[in-house]
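Novice: Can you keep this structure in mind? I'll have questions shortly.
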Amino acid sequence: MVTMADAVNDLAIEHVTHRYDSVLAVDDAGLAVGAGEVVCLVGPSGCGKTTLLRVAAGLERLQQGRVTIGGEVMAEGHVSVPPEDRNVGLVFQDYALFPHLTVRGNIAFGLQKYSSSERNERVANALERTGMAGYATTYPHQLSGGQQQRVALARALAPRPRVVLLDEPFSGLDVSLRHRVRDRTAKILRDSGIATLMVTHDPEEAMYLADRIAVMDKGRIRQAGTPDEIYLNPADAFVAAFFGDVNRFDGVVTSGAVETPVGSVPTKDIADGVAVTVLVRPEALKLAAEGARQGTVLSSRFLGRSSLIDVRLSDETAPTVRIHVPGRHLPGTGEAVAVTCDGSETFVFPK
């Protein structure tokens, strides 16, 4: 288990396990978020990340473990503080706006305990922060997807919560709009100083937004760290492969290295005789005019900022390798090439 929980964190999730009947959805998971920090919880569909978020929010009753916010226990044993009393703001995937209420009405809905003047002040502040001040009397159906997302964020921020939890908040937006909205959202959250935990299945989005990333699979958090740590020093083969295409080879360590179709790869602290999996990112492979590893181009595709090239190595037992190069580089199908590996972004794990 990976745990980062300690007393200074605004949100701490410790040793949480959760089942749906016989299905183990979360398995001894631990995670913490500090004030002003954005942490992204990533993983494939069904890995348990939304369940963990719902447990933190109080929308799922804690079965095992502990949840604290600002050092105060929200859930442990027989203690279970209701969601509305946890000082948490929530932004759901579908935004969950009330269609019969204006933007102002949606934001004010959760502020009933405040006086009228305090409520108006908080609504105005939330609208200003999210750039929606000119839409106070507008109804949700009159807004674009990006504007609805900002209203949902304004509603979450209006009570000035200690923690904001977001579940796939940008998944319903088209690509160009998603980039603009997440830029604005990240700035708003960081400027607010609120601890933020966001669930996403998109590794690129997590790399872009997060101060730290927690990678989840089959209910367990496999690794947590900064984007650099996660991408450049993955803890295992699952984490390495989750962040993009990899060329995968199997081998056995001999004299501190393993032979692969793209060359010999050092294995550092893995003992001789151990069976290993070698993962090589496509950008670690290069095309050259000549070299020891000869191959034939099967296909090449221009992706805009880069090109993707599939090469069948001359050794008939070797797999096809995928190579990612910057810019436009499109060798013809059937063209003979040499493949080299510069050793960067190459990872070796015991099988």
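Every chain in the structure tokens takes a letter, A first, then B, and so on in the order presented; its residues are numbered from 1, and the ligands are numbered from 1 following the presented order.
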Do a neighbour search on Asp211 (chain A) at 7 Å with only C-alpha atoms, toss out local chain neighbours closer than 3 positions, and write the hits as a short mmCIF file (atom, residue, chain, number, x, y, z; two decimals) with C-alpha atoms, in the first residue's frame.
Specialist:
data_model
loop_
_atom_site.label_atom_id
_atom_site.label_comp_id
_atom_site.auth_asym_id
_atom_site.auth_seq_id
_atom_site.Cartn_x
_atom_site.Cartn_y
_atom_site.Cartn_z
CA GLU A 37 -2.42 20.92 -3.67
CA VAL A 38 -4.02 19.27 -6.73
CA VAL A 39 -3.78 15.47 -6.64
CA THR A 226 5.00 13.95 -8.82
#
Novice: Can you tell me which residues surround Thr267 (chain A) at a distance of at most 9 Å, considering only C-alpha atoms, apart from same-chain residues fewer than 3 positions away, and format the answer as a list in words?
Specialist: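 With the cut-off at 9 Å, the set is Val253, Gly256, Ala257, Val258, Ile270, Ala271, Phe347, Val348 and Phe349 of chain A.
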Novice: Output N, CA and C atoms for every residue in that selection, as a PDB file, in the first residue's frame.
Specialist:
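Ended up saving to selection.pdb:
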ATOM      1  N   VAL A 253      17.949 -11.961 -17.039  1.00  0.00           N
ATOM      2  CA  VAL A 253      19.126 -11.163 -16.714  1.00  0.00           C
ATOM      3  C   VAL A 253      20.389 -12.030 -16.784  1.00  0.00           C
ATOM      4  N   GLY A 256      24.192  -8.747 -15.473  1.00  0.00           N
ATOM      5  CA  GLY A 256      23.715  -7.395 -15.185  1.00  0.00           C
ATOM      6  C   GLY A 256      22.991  -6.712 -16.321  1.00  0.00           C
ATOM      7  N   ALA A 257      22.555  -7.477 -17.316  1.00  0.00           N
ATOM      8  CA  ALA A 257      21.837  -6.883 -18.450  1.00  0.00           C
ATOM      9  C   ALA A 257      20.880  -7.914 -19.031  1.00  0.00           C
ATOM     10  N   VAL A 258      19.951  -7.440 -19.856  1.00  0.00           N
ATOM     11  CA  VAL A 258      19.033  -8.336 -20.555  1.00  0.00           C
ATOM     12  C   VAL A 258      19.057  -7.984 -22.030  1.00  0.00           C
ATOM     13  N   ILE A 270      18.810  -6.059 -10.299  1.00  0.00           N
ATOM     14  CA  ILE A 270      18.125  -7.339 -10.478  1.00  0.00           C
ATOM     15  C   ILE A 270      19.171  -8.437 -10.694  1.00  0.00           C
ATOM     16  N   ALA A 271      19.058  -9.521  -9.949  1.00  0.00           N
ATOM     17  CA  ALA A 271      20.068 -10.576  -9.970  1.00  0.00           C
ATOM     18  C   ALA A 271      20.064 -11.358 -11.279  1.00  0.00           C
ATOM     19  N   PHE A 347      12.612   0.634 -19.098  1.00  0.00           N
ATOM     20  CA  PHE A 347      12.382   0.179 -17.725  1.00  0.00           C
ATOM     21  C   PHE A 347      12.382  -1.353 -17.675  1.00  0.00           C
ATOM     22  N   VAL A 348      12.965  -1.878 -16.612  1.00  0.00           N
ATOM     23  CA  VAL A 348      13.077  -3.339 -16.433  1.00  0.00           C
ATOM     24  C   VAL A 348      12.444  -3.713 -15.106  1.00  0.00           C
ATOM     25  N   PHE A 349      11.533  -4.705 -15.141  1.00  0.00           N
ATOM     26  CA  PHE A 349      10.854  -5.166 -13.926  1.00  0.00           C
ATOM     27  C   PHE A 349      10.867  -6.692 -13.881  1.00  0.00           C
TER      28      PHE A 349
END
Novice: Which of these residues is nearest to Arg61 (chain A), using only C-alpha atoms: A:Ser22, A:Leu197, A:Lys113, A:Thr17?
Specialist: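 Checking each of A:Ser22, A:Leu197, A:Lys113, A:Thr17 against Arg61 (chain A), counting only C-alpha atoms, the winner is A:Thr17.
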Novice: Pull the strand (DSSP E or B) assignments for region 74-276 of chain A out of DSSP run on the backbone, and list those residues as a ChimeraX atom specification.
Specialist: /A:74-76,79-80,88-91,163-167,195-200,212-217,220-225,247-252,254,257-260,263-266,275-276
Novice: For the residues in that selection, give me N, CA and C atoms as a tab-separated table (two decimals), in the first residue's frame.
Specialist:
chain	number	residue	atom	x	y	z
A	74	MET	N	-13.63	12.07	9.93
A	74	MET	CA	-14.93	12.12	9.26
A	74	MET	C	-15.59	10.74	9.23
A	75	ALA	N	-14.75	9.71	9.17
A	75	ALA	CA	-15.29	8.34	9.13
A	75	ALA	C	-14.25	7.38	9.68
A	76	GLU	N	-14.68	6.60	10.68
A	76	GLU	CA	-13.83	5.55	11.27
A	76	GLU	C	-14.69	4.77	12.24
A	79	VAL	N	-18.09	6.05	13.55
A	79	VAL	CA	-18.19	7.48	13.24
A	79	VAL	C	-18.40	7.66	11.74
A	80	SER	N	-19.42	8.43	11.37
A	80	SER	CA	-19.66	8.72	9.96
A	80	SER	C	-20.33	10.09	9.85
A	88	VAL	N	-16.74	19.81	2.34
A	88	VAL	CA	-16.23	19.32	1.06
A	88	VAL	C	-17.09	19.86	-0.07
A	89	GLY	N	-16.44	20.34	-1.14
A	89	GLY	CA	-17.15	20.72	-2.36
A	89	GLY	C	-17.05	19.61	-3.38
A	90	LEU	N	-18.15	19.34	-4.08
A	90	LEU	CA	-18.19	18.24	-5.04
A	90	LEU	C	-18.51	18.74	-6.44
A	91	VAL	N	-17.78	18.23	-7.44
A	91	VAL	CA	-18.09	18.50	-8.85
A	91	VAL	C	-18.19	17.15	-9.54
A	163	VAL	N	-11.87	21.08	1.23
A	163	VAL	CA	-11.48	20.10	0.20
A	163	VAL	C	-12.47	20.17	-0.95
A	164	VAL	N	-11.97	20.06	-2.19
A	164	VAL	CA	-12.83	19.92	-3.36
A	164	VAL	C	-12.53	18.57	-4.01
A	165	LEU	N	-13.59	17.82	-4.30
A	165	LEU	CA	-13.48	16.52	-4.96
A	165	LEU	C	-14.15	16.60	-6.32
A	166	LEU	N	-13.42	16.21	-7.36
A	166	LEU	CA	-13.94	16.28	-8.73
A	166	LEU	C	-13.87	14.90	-9.38
A	167	ASP	N	-14.97	14.48	-9.98
A	167	ASP	CA	-15.04	13.17	-10.62
A	167	ASP	C	-15.18	13.35	-12.13
A	195	ALA	N	-7.45	22.17	-0.93
A	195	ALA	CA	-6.97	20.83	-1.26
A	195	ALA	C	-7.92	20.20	-2.28
A	196	THR	N	-7.37	19.70	-3.38
A	196	THR	CA	-8.19	19.20	-4.47
A	196	THR	C	-7.80	17.78	-4.84
A	197	LEU	N	-8.78	16.89	-4.87
A	197	LEU	CA	-8.58	15.52	-5.35
A	197	LEU	C	-9.48	15.32	-6.56
A	198	MET	N	-8.88	14.99	-7.70
A	198	MET	CA	-9.64	14.84	-8.94
A	198	MET	C	-9.43	13.45	-9.52
A	199	VAL	N	-10.53	12.81	-9.87
A	199	VAL	CA	-10.49	11.51	-10.54
A	199	VAL	C	-10.49	11.73	-12.05
A	200	THR	N	-9.60	11.04	-12.75
A	200	THR	CA	-9.60	11.07	-14.21
A	200	THR	C	-9.05	9.75	-14.72
A	212	ARG	N	0.65	16.14	-7.71
A	212	ARG	CA	0.99	14.74	-7.50
A	212	ARG	C	-0.06	13.87	-8.18
A	213	ILE	N	0.36	12.67	-8.57
A	213	ILE	CA	-0.52	11.70	-9.21
A	213	ILE	C	-0.51	10.42	-8.39
A	214	ALA	N	-1.68	9.82	-8.21
A	214	ALA	CA	-1.78	8.48	-7.62
A	214	ALA	C	-2.37	7.55	-8.68
A	215	VAL	N	-1.65	6.49	-8.99
A	215	VAL	CA	-2.07	5.54	-10.02
A	215	VAL	C	-2.72	4.34	-9.35
A	216	MET	N	-3.95	4.04	-9.75
A	216	MET	CA	-4.74	2.99	-9.11
A	216	MET	C	-5.04	1.88	-10.09
A	217	ASP	N	-5.02	0.65	-9.60
A	217	ASP	CA	-5.37	-0.52	-10.43
A	217	ASP	C	-5.93	-1.61	-9.52
A	220	ARG	N	-6.11	-0.99	-5.75
A	220	ARG	CA	-4.91	-0.63	-5.00
A	220	ARG	C	-4.20	0.56	-5.65
A	221	ILE	N	-3.59	1.40	-4.83
A	221	ILE	CA	-2.78	2.49	-5.35
A	221	ILE	C	-1.37	1.93	-5.58
A	222	ARG	N	-0.98	1.87	-6.86
A	222	ARG	CA	0.28	1.24	-7.22
A	222	ARG	C	1.47	2.16	-7.00
A	223	GLN	N	1.26	3.48	-7.21
A	223	GLN	CA	2.34	4.44	-7.01
A	223	GLN	C	1.74	5.82	-6.86
A	224	ALA	N	2.36	6.65	-6.05
A	224	ALA	CA	1.97	8.05	-5.92
A	224	ALA	C	3.23	8.90	-5.91
A	225	GLY	N	3.19	10.02	-6.63
A	225	GLY	CA	4.34	10.90	-6.68
A	225	GLY	C	4.10	12.04	-7.64
A	247	ASN	N	6.90	-0.52	-25.95
A	247	ASN	CA	7.35	-1.75	-26.58
A	247	ASN	C	7.74	-2.70	-25.46
A	248	ARG	N	7.18	-3.89	-25.47
A	248	ARG	CA	7.33	-4.83	-24.35
A	248	ARG	C	8.11	-6.06	-24.80
A	249	PHE	N	9.17	-6.39	-24.06
A	249	PHE	CA	9.99	-7.56	-24.37
A	249	PHE	C	10.20	-8.36	-23.09
A	250	ASP	N	10.36	-9.67	-23.22
A	250	ASP	CA	10.68	-10.54	-22.10
A	250	ASP	C	12.10	-11.06	-22.26
A	251	GLY	N	12.75	-11.31	-21.14
A	251	GLY	CA	14.11	-11.83	-21.19
A	251	GLY	C	14.57	-12.30	-19.82
A	252	VAL	N	15.84	-12.69	-19.74
A	252	VAL	CA	16.44	-13.16	-18.50
A	252	VAL	C	17.73	-12.38	-18.27
A	254	THR	N	21.38	-11.54	-17.51
A	254	THR	CA	22.68	-12.20	-17.62
A	254	THR	C	23.78	-11.15	-17.51
A	257	ALA	N	22.56	-7.48	-17.32
A	257	ALA	CA	21.84	-6.88	-18.45
A	257	ALA	C	20.88	-7.91	-19.03
A	258	VAL	N	19.95	-7.44	-19.86
A	258	VAL	CA	19.03	-8.34	-20.56
A	258	VAL	C	19.06	-7.98	-22.03
A	259	GLU	N	19.14	-9.00	-22.85
A	259	GLU	CA	19.16	-8.79	-24.30
A	259	GLU	C	17.73	-8.64	-24.81
A	260	THR	N	17.51	-7.63	-25.65
A	260	THR	CA	16.20	-7.40	-26.27
A	260	THR	C	16.40	-7.23	-27.77
A	263	GLY	N	18.47	-4.18	-28.45
A	263	GLY	CA	19.78	-4.02	-27.83
A	263	GLY	C	19.81	-4.50	-26.39
A	264	SER	N	20.99	-4.42	-25.81
A	264	SER	CA	21.19	-4.85	-24.43
A	264	SER	C	20.79	-3.72	-23.47
A	265	VAL	N	20.03	-4.08	-22.44
A	265	VAL	CA	19.53	-3.09	-21.48
A	265	VAL	C	20.06	-3.43	-20.09
A	266	PRO	N	20.75	-2.49	-19.42
A	266	PRO	CA	21.23	-2.74	-18.05
A	266	PRO	C	20.07	-2.99	-17.09
A	275	ALA	N	13.87	-13.75	-14.51
A	275	ALA	CA	13.06	-13.42	-15.69
A	275	ALA	C	12.48	-12.02	-15.53
A	276	VAL	N	12.59	-11.20	-16.57
A	276	VAL	CA	12.16	-9.81	-16.48
A	276	VAL	C	11.31	-9.42	-17.68
Novice: Excluding same-chain residues fewer than 6 positions from region 143-157 of chain A, what lies within 7 Å of it counting only C-alpha atoms, as a ChimeraX atom specification?
Specialist: /A:89-91,95,97,103,106-107,126-127,130,173,177,181
Novice: Find the residues of region 227-274 of chain A that sit at most 9 Å from region 282-287 of chain A; for each, write down the nearest two atoms and how far apart they are in Å, to one decimal. Count only C-alpha atoms. Sort by chain, then by number going up, and give it as a tab-separated table.
Specialist:
residue	atom	partner	partner_atom	distance
A:Gly244	CA	A:Pro282	CA	8.9
A:Asp245	CA	A:Pro282	CA	6.8
A:Val246	CA	A:Pro282	CA	6.1
A:Asn247	CA	A:Pro282	CA	6.7
A:Val262	CA	A:Leu285	CA	8.2
Novice: Tell me which protein, DNA and RNA residues are within 6 Å of region 320-332 of chain A, counting only C-alpha atoms, leaving out same-chain ones fewer than 5 positions away, and put them as a ChimeraX atom specification.
Specialist: /A:282-283,285,300,305-312
